[in-house]
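The file structure-v7.cif comes next; it holds mmCIF, C-alpha atoms and all ligand atoms.
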data_start
#
loop_
_atom_site.group_PDB
_atom_site.id
_atom_site.type_symbol
_atom_site.label_atom_id
_atom_site.label_comp_id
_atom_site.auth_asym_id
_atom_site.auth_seq_id
_atom_site.Cartn_x
_atom_site.Cartn_y
_atom_site.Cartn_z
ATOM 1 C CA MET Z 1 49.516 -0.706 7.638
ATOM 2 C CA PHE Z 2 48.253 -1.218 4.062
ATOM 3 C CA ASN Z 3 50.759 0.455 1.780
ATOM 4 C CA TYR Z 4 49.468 2.571 -1.107
ATOM 5 C CA ASP Z 5 50.514 5.964 -2.367
ATOM 6 C CA ALA Z 6 47.554 7.598 -4.104
ATOM 7 C CA PRO Z 7 48.099 10.157 -6.843
ATOM 8 C CA ALA Z 8 46.738 13.586 -5.863
ATOM 9 C CA ASP Z 9 44.135 13.526 -8.650
ATOM 10 C CA LEU Z 10 43.074 9.884 -8.151
ATOM 11 C CA LEU Z 11 39.381 10.709 -7.770
ATOM 12 C CA GLN Z 12 38.993 13.652 -10.127
ATOM 13 C CA ASN Z 13 35.479 13.769 -11.651
ATOM 14 C CA LYS Z 14 34.342 10.888 -9.445
ATOM 15 C CA VAL Z 15 31.162 10.987 -7.385
ATOM 16 C CA ILE Z 16 31.399 9.020 -4.157
ATOM 17 C CA LEU Z 17 28.823 8.456 -1.438
ATOM 18 C CA VAL Z 18 30.033 7.957 2.138
ATOM 19 C CA THR Z 19 27.662 6.864 4.906
ATOM 20 C CA GLY Z 20 28.341 8.022 8.448
ATOM 21 C CA ALA Z 21 30.328 10.881 6.936
ATOM 22 C CA GLY Z 22 29.892 13.285 9.838
ATOM 23 C CA SER Z 23 32.303 11.730 12.311
ATOM 24 C CA GLY Z 24 34.895 9.039 12.960
ATOM 25 C CA ILE Z 25 36.382 7.111 10.060
ATOM 26 C CA GLY Z 26 33.620 8.225 7.661
ATOM 27 C CA ARG Z 27 34.451 11.895 8.224
ATOM 28 C CA THR Z 28 38.125 11.314 7.498
ATOM 29 C CA ALA Z 29 37.321 9.177 4.438
ATOM 30 C CA ALA Z 30 35.008 11.894 3.066
ATOM 31 C CA LEU Z 31 37.696 14.572 3.527
ATOM 32 C CA THR Z 32 40.352 12.293 2.030
ATOM 33 C CA TYR Z 33 38.234 11.495 -1.033
ATOM 34 C CA ALA Z 34 37.461 15.192 -1.535
ATOM 35 C CA ARG Z 35 41.153 16.075 -1.198
ATOM 36 C CA HIS Z 36 41.838 13.612 -4.028
ATOM 37 C CA GLY Z 37 39.319 15.310 -6.295
ATOM 38 C CA ALA Z 38 36.017 13.554 -5.633
ATOM 39 C CA THR Z 39 32.598 15.106 -5.278
ATOM 40 C CA VAL Z 40 31.497 13.502 -2.037
ATOM 41 C CA ILE Z 41 27.907 12.899 -0.976
ATOM 42 C CA LEU Z 42 27.877 13.127 2.796
ATOM 43 C CA LEU Z 43 25.188 10.837 4.207
ATOM 44 C CA GLY Z 44 24.518 10.710 7.924
ATOM 45 C CA ARG Z 45 22.002 11.300 10.665
ATOM 46 C CA THR Z 46 23.412 14.400 12.424
ATOM 47 C CA ILE Z 47 23.110 17.400 10.115
ATOM 48 C CA SER Z 48 25.411 19.682 12.138
ATOM 49 C CA LYS Z 49 28.262 17.158 11.798
ATOM 50 C CA LEU Z 50 27.669 16.786 8.056
ATOM 51 C CA GLU Z 51 27.654 20.578 7.687
ATOM 52 C CA ALA Z 52 31.004 20.824 9.469
ATOM 53 C CA VAL Z 53 32.532 18.336 7.002
ATOM 54 C CA TYR Z 54 30.901 20.179 4.095
ATOM 55 C CA ASP Z 55 32.431 23.463 5.309
ATOM 56 C CA GLU Z 56 35.871 21.888 5.742
ATOM 57 C CA ILE Z 57 35.745 20.648 2.144
ATOM 58 C CA GLU Z 58 34.626 24.057 0.916
ATOM 59 C CA ASN Z 59 37.264 25.931 2.939
ATOM 60 C CA ASN Z 60 39.971 23.755 1.383
ATOM 61 C CA GLY Z 61 38.752 24.524 -2.129
ATOM 62 C CA TRP Z 62 38.012 20.881 -2.915
ATOM 63 C CA PRO Z 63 35.037 19.908 -5.129
ATOM 64 C CA GLN Z 64 31.771 21.028 -3.583
ATOM 65 C CA ALA Z 65 30.201 18.252 -1.509
ATOM 66 C CA ALA Z 66 26.521 17.454 -1.041
ATOM 67 C CA ILE Z 67 24.697 16.664 2.189
ATOM 68 C CA TYR Z 68 22.097 13.895 2.334
ATOM 69 C CA PRO Z 69 20.615 13.578 5.835
ATOM 70 C CA MET Z 70 19.335 10.079 6.489
ATOM 71 C CA ASN Z 71 18.865 8.019 9.624
ATOM 72 C CA LEU Z 72 19.702 4.477 8.560
ATOM 73 C CA GLU Z 73 17.875 3.059 11.557
ATOM 74 C CA GLY Z 74 14.478 4.403 10.540
ATOM 75 C CA ALA Z 75 14.868 4.604 6.759
ATOM 76 C CA ARG Z 76 12.381 2.645 4.649
ATOM 77 C CA GLU Z 77 12.802 1.083 1.239
ATOM 78 C CA GLN Z 78 11.152 4.114 -0.371
ATOM 79 C CA ASP Z 79 13.763 6.419 1.187
ATOM 80 C CA TYR Z 80 16.561 4.489 -0.518
ATOM 81 C CA ALA Z 81 14.717 4.633 -3.840
ATOM 82 C CA SER Z 82 14.316 8.414 -3.425
ATOM 83 C CA LEU Z 83 18.022 8.745 -2.705
ATOM 84 C CA ALA Z 84 18.915 6.794 -5.855
ATOM 85 C CA ALA Z 85 16.564 8.940 -7.944
ATOM 86 C CA THR Z 86 18.033 12.143 -6.484
ATOM 87 C CA LEU Z 87 21.603 11.066 -7.208
ATOM 88 C CA GLU Z 88 20.728 10.097 -10.755
ATOM 89 C CA ARG Z 89 19.025 13.428 -11.330
ATOM 90 C CA GLU Z 90 21.677 15.604 -9.655
ATOM 91 C CA PHE Z 91 24.877 13.807 -10.667
ATOM 92 C CA GLY Z 92 23.971 11.374 -13.454
ATOM 93 C CA HIS Z 93 26.536 8.861 -12.243
ATOM 94 C CA LEU Z 94 27.973 7.281 -9.108
ATOM 95 C CA ASP Z 95 31.518 5.922 -9.011
ATOM 96 C CA GLY Z 96 31.905 4.812 -5.428
ATOM 97 C CA LEU Z 97 29.933 3.790 -2.368
ATOM 98 C CA LEU Z 98 31.556 3.521 1.047
ATOM 99 C CA ASN Z 99 29.195 1.714 3.424
ATOM 100 C CA ASN Z 100 30.777 2.977 6.635
ATOM 101 C CA ALA Z 101 28.092 3.949 9.164
ATOM 102 C CA GLY Z 102 27.958 1.542 12.061
ATOM 103 C CA LEU Z 103 26.453 0.926 15.464
ATOM 104 C CA LEU Z 104 28.278 -0.901 18.242
ATOM 105 C CA GLY Z 105 25.248 -1.901 20.300
ATOM 106 C CA GLU Z 106 25.985 -3.430 23.677
ATOM 107 C CA LEU Z 107 28.904 -5.597 24.704
ATOM 108 C CA LYS Z 108 27.123 -8.497 26.407
ATOM 109 C CA PRO Z 109 26.903 -12.269 26.140
ATOM 110 C CA ILE Z 110 24.311 -13.565 23.672
ATOM 111 C CA ALA Z 111 22.516 -15.127 26.651
ATOM 112 C CA GLN Z 112 21.718 -11.638 27.956
ATOM 113 C CA TYR Z 113 21.584 -9.687 24.718
ATOM 114 C CA ASP Z 114 18.658 -7.280 24.403
ATOM 115 C CA ALA Z 115 16.503 -8.110 21.365
ATOM 116 C CA GLU Z 116 15.705 -4.504 20.486
ATOM 117 C CA THR Z 117 19.391 -3.579 20.464
ATOM 118 C CA TRP Z 118 20.040 -6.632 18.291
ATOM 119 C CA HIS Z 119 17.532 -5.400 15.708
ATOM 120 C CA ARG Z 120 18.917 -1.834 15.756
ATOM 121 C CA VAL Z 121 22.469 -3.014 15.171
ATOM 122 C CA MET Z 122 21.383 -5.327 12.359
ATOM 123 C CA GLN Z 123 19.365 -2.501 10.805
ATOM 124 C CA VAL Z 124 22.257 -0.032 10.665
ATOM 125 C CA ASN Z 125 25.162 -2.423 10.034
ATOM 126 C CA LEU Z 126 23.582 -4.954 7.667
ATOM 127 C CA ASN Z 127 20.077 -4.128 6.409
ATOM 128 C CA ALA Z 128 20.860 -0.498 5.546
ATOM 129 C CA PRO Z 129 23.982 -1.333 3.466
ATOM 130 C CA PHE Z 130 21.950 -4.056 1.715
ATOM 131 C CA LEU Z 131 19.102 -1.679 0.806
ATOM 132 C CA LEU Z 132 21.401 1.208 -0.065
ATOM 133 C CA THR Z 133 23.632 -0.911 -2.284
ATOM 134 C CA ARG Z 134 20.684 -2.629 -3.968
ATOM 135 C CA GLU Z 135 19.033 0.675 -4.827
ATOM 136 C CA LEU Z 136 22.269 2.290 -6.039
ATOM 137 C CA LEU Z 137 23.461 -0.700 -8.063
ATOM 138 C CA PRO Z 138 21.780 0.367 -11.348
ATOM 139 C CA LEU Z 139 23.520 3.751 -11.118
ATOM 140 C CA LEU Z 140 26.837 2.173 -10.134
ATOM 141 C CA ARG Z 141 26.608 -0.212 -13.085
ATOM 142 C CA THR Z 142 26.423 2.701 -15.513
ATOM 143 C CA ALA Z 143 29.787 4.033 -14.273
ATOM 144 C CA GLU Z 144 32.910 2.715 -15.977
ATOM 145 C CA GLN Z 145 34.823 1.638 -12.885
ATOM 146 C CA ALA Z 146 32.528 1.717 -9.877
ATOM 147 C CA SER Z 147 33.616 0.428 -6.469
ATOM 148 C CA VAL Z 148 31.564 -0.597 -3.445
ATOM 149 C CA ILE Z 149 33.208 -0.964 -0.040
ATOM 150 C CA PHE Z 150 31.540 -2.699 2.894
ATOM 151 C CA THR Z 151 33.028 -1.959 6.305
ATOM 152 C CA SER Z 152 33.845 -5.065 8.282
ATOM 153 C CA SER Z 153 35.722 -5.724 11.512
ATOM 154 C CA THR Z 154 38.142 -8.151 13.058
ATOM 155 C CA VAL Z 155 35.141 -9.663 14.886
ATOM 156 C CA GLY Z 156 33.487 -10.160 11.492
ATOM 157 C CA HIS Z 157 36.165 -12.743 10.741
ATOM 158 C CA GLU Z 158 36.476 -14.418 14.121
ATOM 159 C CA GLY Z 159 33.743 -14.513 16.750
ATOM 160 C CA ARG Z 160 34.600 -13.077 20.136
ATOM 161 C CA ALA Z 161 32.660 -13.305 23.397
ATOM 162 C CA ASN Z 162 30.423 -10.319 24.202
ATOM 163 C CA TRP Z 163 30.555 -8.708 20.759
ATOM 164 C CA GLY Z 164 26.993 -9.859 20.094
ATOM 165 C CA ALA Z 165 25.005 -8.350 17.223
ATOM 166 C CA TYR Z 166 27.952 -6.212 16.131
ATOM 167 C CA SER Z 167 30.127 -9.243 15.443
ATOM 168 C CA VAL Z 168 27.295 -11.168 13.784
ATOM 169 C CA SER Z 169 26.394 -8.164 11.593
ATOM 170 C CA LYS Z 170 29.981 -7.947 10.368
ATOM 171 C CA PHE Z 171 30.115 -11.706 9.570
ATOM 172 C CA ALA Z 172 26.929 -11.173 7.550
ATOM 173 C CA THR Z 173 28.488 -8.152 5.872
ATOM 174 C CA GLU Z 174 31.285 -10.403 4.608
ATOM 175 C CA GLY Z 175 28.620 -12.759 3.235
ATOM 176 C CA LEU Z 176 26.791 -9.897 1.550
ATOM 177 C CA MET Z 177 30.045 -8.706 -0.014
ATOM 178 C CA GLN Z 178 30.985 -12.163 -1.336
ATOM 179 C CA THR Z 179 27.506 -12.920 -2.665
ATOM 180 C CA LEU Z 180 27.151 -9.604 -4.463
ATOM 181 C CA ALA Z 181 30.691 -9.742 -5.857
ATOM 182 C CA ASP Z 182 29.992 -13.174 -7.330
ATOM 183 C CA GLU Z 183 26.746 -11.920 -8.861
ATOM 184 C CA GLU Z 184 28.335 -8.848 -10.450
ATOM 185 C CA ASP Z 185 31.296 -10.834 -11.763
ATOM 186 C CA GLY Z 186 31.000 -10.967 -15.530
ATOM 187 C CA ILE Z 187 27.825 -8.886 -15.782
ATOM 188 C CA SER Z 188 29.144 -5.502 -14.642
ATOM 189 C CA GLN Z 189 32.337 -3.567 -13.934
ATOM 190 C CA VAL Z 190 31.290 -2.920 -10.346
ATOM 191 C CA ARG Z 191 33.824 -4.258 -7.881
ATOM 192 C CA ILE Z 192 32.732 -5.164 -4.368
ATOM 193 C CA ASN Z 193 35.108 -5.606 -1.440
ATOM 194 C CA SER Z 194 35.145 -5.460 2.346
ATOM 195 C CA LEU Z 195 37.475 -3.419 4.496
ATOM 196 C CA ASN Z 196 38.395 -4.035 8.117
ATOM 197 C CA PRO Z 197 39.783 -0.751 9.500
ATOM 198 C CA GLY Z 198 41.382 -2.435 12.539
ATOM 199 C CA ALA Z 199 41.692 -0.596 15.858
ATOM 200 C CA THR Z 200 41.072 3.054 14.997
ATOM 201 C CA ARG Z 201 40.802 6.076 17.291
ATOM 202 C CA THR Z 202 37.124 7.065 17.160
ATOM 203 C CA ALA Z 203 34.137 7.426 19.471
ATOM 204 C CA MET Z 204 33.174 3.817 18.774
ATOM 205 C CA ARG Z 205 36.619 2.551 19.766
ATOM 206 C CA ALA Z 206 36.540 4.610 22.983
ATOM 207 C CA THR Z 207 33.134 3.141 23.862
ATOM 208 C CA ALA Z 208 34.295 -0.423 23.228
ATOM 209 C CA PHE Z 209 37.609 0.005 25.069
ATOM 210 C CA PRO Z 210 37.072 2.754 27.675
ATOM 211 C CA ALA Z 211 40.278 1.949 29.561
ATOM 212 C CA GLU Z 212 42.505 2.038 26.472
ATOM 213 C CA ALA Z 213 44.972 4.922 26.092
ATOM 214 C CA SER Z 214 43.858 7.217 23.272
ATOM 215 C CA ASP Z 215 47.140 6.762 21.392
ATOM 216 C CA ALA Z 216 46.894 2.940 21.482
ATOM 217 C CA SER Z 217 44.921 2.846 18.234
ATOM 218 C CA ALA Z 218 45.621 4.398 14.853
ATOM 219 C CA PRO Z 219 44.131 7.783 13.997
ATOM 220 C CA PRO Z 220 41.715 7.494 11.033
ATOM 221 C CA GLU Z 221 44.152 9.393 8.781
ATOM 222 C CA GLU Z 222 46.655 6.517 9.006
ATOM 223 C CA ILE Z 223 44.300 3.913 7.547
ATOM 224 C CA MET Z 224 43.285 6.004 4.517
ATOM 225 C CA PRO Z 225 45.685 4.355 1.998
ATOM 226 C CA LEU Z 226 43.385 1.296 1.807
ATOM 227 C CA TYR Z 227 40.262 3.484 1.526
ATOM 228 C CA LEU Z 228 41.880 5.245 -1.430
ATOM 229 C CA TYR Z 229 43.177 2.068 -3.054
ATOM 230 C CA LEU Z 230 39.808 0.317 -2.987
ATOM 231 C CA ILE Z 231 37.766 3.283 -4.224
ATOM 232 C CA GLY Z 232 40.212 4.357 -6.961
ATOM 233 C CA LYS Z 233 41.208 2.876 -10.295
ATOM 234 C CA ASP Z 234 44.264 1.003 -8.995
ATOM 235 C CA SER Z 235 41.960 -1.685 -7.572
ATOM 236 C CA LEU Z 236 40.290 -2.243 -10.930
ATOM 237 C CA GLY Z 237 39.515 -5.936 -11.388
ATOM 238 C CA VAL Z 238 39.807 -6.642 -7.656
ATOM 239 C CA SER Z 239 36.477 -7.903 -6.311
ATOM 240 C CA GLY Z 240 35.079 -10.264 -3.709
ATOM 241 C CA LYS Z 241 38.025 -9.822 -1.377
ATOM 242 C CA ALA Z 242 38.379 -8.964 2.314
ATOM 243 C CA PHE Z 243 41.007 -6.319 3.094
ATOM 244 C CA HIS Z 244 42.583 -5.300 6.385
ATOM 245 C CA ALA Z 245 43.836 -1.729 6.758
ATOM 246 C CA GLN Z 246 46.304 -2.567 9.500
ATOM 247 C CA ARG Z 247 47.964 -5.877 8.687
HETATM 248 N N1 LIG J 301 36.992 2.410 15.123
HETATM 249 C C1 LIG J 301 37.368 1.145 15.046
HETATM 250 O O1 LIG J 301 38.318 0.731 15.754
HETATM 251 C C2 LIG J 301 36.676 0.194 14.093
HETATM 252 C C3 LIG J 301 37.195 -1.110 13.989
HETATM 253 C C4 LIG J 301 36.574 -2.005 13.109
HETATM 254 C C5 LIG J 301 35.488 -1.584 12.356
HETATM 255 N N2 LIG J 301 35.010 -0.322 12.474
HETATM 256 C C6 LIG J 301 33.880 0.074 11.632
HETATM 257 O O2 LIG J 301 34.181 1.268 10.956
HETATM 258 C C7 LIG J 301 32.978 2.012 10.712
HETATM 259 C C8 LIG J 301 33.126 3.413 11.257
HETATM 260 O O3 LIG J 301 33.314 3.303 12.657
HETATM 261 P P1 LIG J 301 33.822 4.510 13.579
HETATM 262 O O4 LIG J 301 34.837 3.947 14.477
HETATM 263 O O5 LIG J 301 34.134 5.697 12.765
HETATM 264 O O6 LIG J 301 32.498 4.734 14.447
HETATM 265 P P2 LIG J 301 31.843 6.055 15.039
HETATM 266 O O7 LIG J 301 32.917 7.007 15.433
HETATM 267 O O8 LIG J 301 30.879 5.593 16.053
HETATM 268 O O9 LIG J 301 31.070 6.639 13.767
HETATM 269 C C9 LIG J 301 29.964 5.942 13.262
HETATM 270 C C10 LIG J 301 29.318 6.772 12.192
HETATM 271 O O10 LIG J 301 28.101 6.115 11.789
HETATM 272 C C11 LIG J 301 27.058 7.052 11.872
HETATM 273 N N3 LIG J 301 25.797 6.388 12.192
HETATM 274 C C12 LIG J 301 25.528 5.612 13.253
HETATM 275 N N4 LIG J 301 24.233 5.248 13.250
HETATM 276 C C13 LIG J 301 23.678 5.823 12.163
HETATM 277 C C14 LIG J 301 22.374 5.864 11.637
HETATM 278 N N5 LIG J 301 21.351 5.250 12.244
HETATM 279 N N6 LIG J 301 22.150 6.553 10.501
HETATM 280 C C15 LIG J 301 23.156 7.213 9.889
HETATM 281 N N7 LIG J 301 24.415 7.228 10.347
HETATM 282 C C16 LIG J 301 24.670 6.552 11.480
HETATM 283 C C17 LIG J 301 27.456 8.008 12.977
HETATM 284 O O11 LIG J 301 26.753 9.219 12.875
HETATM 285 P P3 LIG J 301 26.669 10.243 14.141
HETATM 286 O O12 LIG J 301 28.038 10.822 14.304
HETATM 287 O O13 LIG J 301 25.680 11.222 13.687
HETATM 288 O O14 LIG J 301 26.250 9.422 15.304
HETATM 289 C C18 LIG J 301 28.935 8.154 12.685
HETATM 290 O O15 LIG J 301 29.157 9.101 11.664
HETATM 291 C C19 LIG J 301 31.847 1.207 11.365
HETATM 292 O O16 LIG J 301 31.218 0.405 10.400
HETATM 293 C C20 LIG J 301 32.580 0.333 12.372
HETATM 294 O O17 LIG J 301 31.865 -0.841 12.664
HETATM 295 C C21 LIG J 301 35.586 0.577 13.327
#
Take the structure from the file and write it as structure tokens.
Amino acid sequence: MFNYDAPADLLQNKVILVTGAGSGIGRTAALTYARHGATVILLGRTISKLEAVYDEIENNGWPQAAIYPMNLEGAREQDYASLAATLEREFGHLDGLLNNAGLLGELKPIAQYDAETWHRVMQVNLNAPFLLTRELLPLLRTAEQASVIFTSSTVGHEGRANWGAYSVSKFATEGLMQTLADEEDGISQVRINSLNPGATRTAMRATAFPAEASDASAPPEEIMPLYLYLIGKDSLGVSGKAFHAQR
């Protein structure tokens, strides 16, 4: 497990956007960031789930969150521009972006892979983080120490039979991370890294490994040290790197 002990006030006065914040790893990351002082923008497609996270943050007395409903599968370029304009108007700055939302698609050989599913997975896992990050980059550049995290996977580093569009989207995510990090190097303070959570106990994991015992993978809370390290100031100057939460 990645080892990092975050100070309680690590993210005080920081504004951080988390995609897929209503469930799974994104929910836990949003709560963890809020617990460390951040104002978290909860982006996701299921409003009831986002509201539950919002309420949990409020009930704990952490900084008030904001809900931004958005379906990354159907969103158009204009929707991302509207989001950027709203954030600039409401918050004036953005210190962190966790591209977390993801779609597993189907586990099938490429030879039988459904084209529509391929496009949906690419849309959510690759095209949406590209558009979101591109539109938010001007705002991120105005922050002193902004951090962007792209969520990768073990199958984004090594191809594995039957992981189809999901695996390919995560390889491409690594490419997006490296390309953008190289471009920002020297022209802005924005650091860009990828994070592979490793086997984590969520709905996605249960779908991919239905026969696996529920305690065979780490609960999302256990992998949070890396999420905190990469979004907070202790990773200042670290950019263009691929991190693994569990090795
Ligand atoms: N769990 C693992 O073992 C594991 C391992 C490696 C990498 N990852 C990566 O970690 C990230 C989080 O995965 P997870 O395990 O937490 O998955 P999950 O439990 O399936 O959660 C995925 C999240 O993405 C959201 N989402 C999906 N499609 C969306 C869309 N079209 N628009 C907006 N939001 C959408 C979901 O919202 P709803 O709840 O509303 O559906 C949900 O909040 C993903 O990028 C995944 O690829 C996970």
How close does chain Z get to ligand LIG 301 (chain J)? List, as CSV, each residue of chain Z within 7 Å, its nearest atom pair and the distance in Å to one decimal, counting all atoms listed in the file.
residue,atom,partner,partner_atom,distance
Z:Thr19,CA,J:LIG301,N7,6.3
Z:Gly20,CA,J:LIG301,O15,3.5
Z:Ala21,CA,J:LIG301,O15,5.2
Z:Gly22,CA,J:LIG301,O15,4.6
Z:Ser23,CA,J:LIG301,O15,4.2
Z:Gly24,CA,J:LIG301,O5,3.4
Z:Ile25,CA,J:LIG301,O5,3.8
Z:Gly26,CA,J:LIG301,O5,5.7
Z:Arg27,CA,J:LIG301,O15,6.9
Z:Gly44,CA,J:LIG301,C15,4.2
Z:Arg45,CA,J:LIG301,C15,4.3
Z:Thr46,CA,J:LIG301,O13,4.1
Z:Lys49,CA,J:LIG301,O13,6.7
Z:Met70,CA,J:LIG301,C15,5.9
Z:Asn71,CA,J:LIG301,N6,3.7
Z:Leu72,CA,J:LIG301,N6,3.8
Z:Glu73,CA,J:LIG301,N5,4.2
Z:Asn100,CA,J:LIG301,O16,4.6
Z:Ala101,CA,J:LIG301,O10,3.4
Z:Gly102,CA,J:LIG301,O16,3.8
Z:Leu103,CA,J:LIG301,C12,5.3
Z:Leu104,CA,J:LIG301,O17,6.6
Z:Val124,CA,J:LIG301,N5,5.6
Z:Asn125,CA,J:LIG301,O16,6.7
Z:Thr151,CA,J:LIG301,O16,5.1
Z:Ser152,CA,J:LIG301,C5,5.6
Z:Ser153,CA,J:LIG301,C4,4.1
Z:Thr154,CA,J:LIG301,C4,6.3
Z:Asn196,CA,J:LIG301,C4,5.7
Z:Pro197,CA,J:LIG301,C4,5.0
Z:Gly198,CA,J:LIG301,C3,4.6
Z:Ala199,CA,J:LIG301,O1,3.6
Z:Thr200,CA,J:LIG301,O1,3.7
Z:Arg201,CA,J:LIG301,N1,5.7
Z:Thr202,CA,J:LIG301,O7,4.5
Z:Ala203,CA,J:LIG301,O7,4.2
Z:Met204,CA,J:LIG301,O8,4.0
Z:Arg205,CA,J:LIG301,N1,4.7
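Nearest to Z:Met177 of all the residues Z:Tyr54, Z:Phe243, Z:Tyr68, Z:Trp163 is Z:Phe243, counting only C-alpha atoms.
Applied to the file shown here, the PyMOL selection byres (((chain Z and resi 231) around 8) and not hetatm) selects Z:Gly96, Z:Ala146, Z:Ser147, Z:Val148, Z:Ile149, Z:Tyr227, Z:Leu228, Z:Tyr229, Z:Leu230, Z:Gly232, Z:Lys233, Z:Ser235.
Atom pair atom CA of Z:Arg120 / atom CA of Z:Asp79 has a distance of 17.5 Å (rounded to one decimal).
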> Got a sec to resolve the PyMOL selection byres (((chain Z and resi 93) around 12) and not hetatm) on this structure and send the residues as a PyMOL selection string?
Replying inline: chain Z and resi 13-17+39+84-92+94-97+136-146
Preceding selection exported with C-alpha atoms as a PDB file, in the coordinates of the input:
ATOM      1  CA  ASN Z  13      35.479  13.769 -11.651  1.00  0.00           C
ATOM      2  CA  LYS Z  14      34.342  10.888  -9.445  1.00  0.00           C
ATOM      3  CA  VAL Z  15      31.162  10.987  -7.385  1.00  0.00           C
ATOM      4  CA  ILE Z  16      31.399   9.020  -4.157  1.00  0.00           C
ATOM      5  CA  LEU Z  17      28.823   8.456  -1.438  1.00  0.00           C
ATOM      6  CA  THR Z  39      32.598  15.106  -5.278  1.00  0.00           C
ATOM      7  CA  ALA Z  84      18.915   6.794  -5.855  1.00  0.00           C
ATOM      8  CA  ALA Z  85      16.564   8.940  -7.944  1.00  0.00           C
ATOM      9  CA  THR Z  86      18.033  12.143  -6.484  1.00  0.00           C
ATOM     10  CA  LEU Z  87      21.603  11.066  -7.208  1.00  0.00           C
ATOM     11  CA  GLU Z  88      20.728  10.097 -10.755  1.00  0.00           C
ATOM     12  CA  ARG Z  89      19.025  13.428 -11.330  1.00  0.00           C
ATOM     13  CA  GLU Z  90      21.677  15.604  -9.655  1.00  0.00           C
ATOM     14  CA  PHE Z  91      24.877  13.807 -10.667  1.00  0.00           C
ATOM     15  CA  GLY Z  92      23.971  11.374 -13.454  1.00  0.00           C
ATOM     16  CA  LEU Z  94      27.973   7.281  -9.108  1.00  0.00           C
ATOM     17  CA  ASP Z  95      31.518   5.922  -9.011  1.00  0.00           C
ATOM     18  CA  GLY Z  96      31.905   4.812  -5.428  1.00  0.00           C
ATOM     19  CA  LEU Z  97      29.933   3.790  -2.368  1.00  0.00           C
ATOM     20  CA  LEU Z 136      22.269   2.290  -6.039  1.00  0.00           C
ATOM     21  CA  LEU Z 137      23.461  -0.700  -8.063  1.00  0.00           C
ATOM     22  CA  PRO Z 138      21.780   0.367 -11.348  1.00  0.00           C
ATOM     23  CA  LEU Z 139      23.520   3.751 -11.118  1.00  0.00           C
ATOM     24  CA  LEU Z 140      26.837   2.173 -10.134  1.00  0.00           C
ATOM     25  CA  ARG Z 141      26.608  -0.212 -13.085  1.00  0.00           C
ATOM     26  CA  THR Z 142      26.423   2.701 -15.513  1.00  0.00           C
ATOM     27  CA  ALA Z 143      29.787   4.033 -14.273  1.00  0.00           C
ATOM     28  CA  GLU Z 144      32.910   2.715 -15.977  1.00  0.00           C
ATOM     29  CA  GLN Z 145      34.823   1.638 -12.885  1.00  0.00           C
ATOM     30  CA  ALA Z 146      32.528   1.717  -9.877  1.00  0.00           C
TER      31      ALA Z 146
END
Need the shell around Z:Thr32: protein/DNA/RNA residues with any atom at most 9 Å away, counting only C-alpha atoms. Skip same-chain ones fewer than 3 positions apart. Format as a tab-separated table (two decimals) with C-alpha atoms, in the frame of the given file?
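That gives us result-v2.tsv:
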chain	number	residue	atom	x	y	z
Z	27	ARG	CA	34.45	11.90	8.22
Z	28	THR	CA	38.12	11.31	7.50
Z	29	ALA	CA	37.32	9.18	4.44
Z	35	ARG	CA	41.15	16.08	-1.20
Z	36	HIS	CA	41.84	13.61	-4.03
Z	37	GLY	CA	39.32	15.31	-6.30
Z	38	ALA	CA	36.02	13.55	-5.63
Z	221	GLU	CA	44.15	9.39	8.78
Z	224	MET	CA	43.28	6.00	4.52
Z	227	TYR	CA	40.26	3.48	1.53
Z	228	LEU	CA	41.88	5.24	-1.43
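Closest approach to Z:Asn59 from the set Z:Pro210, Z:Ala34, Z:Asp215, Z:Ile192 is made by Z:Ala34, with distances taken over only C-alpha atoms.
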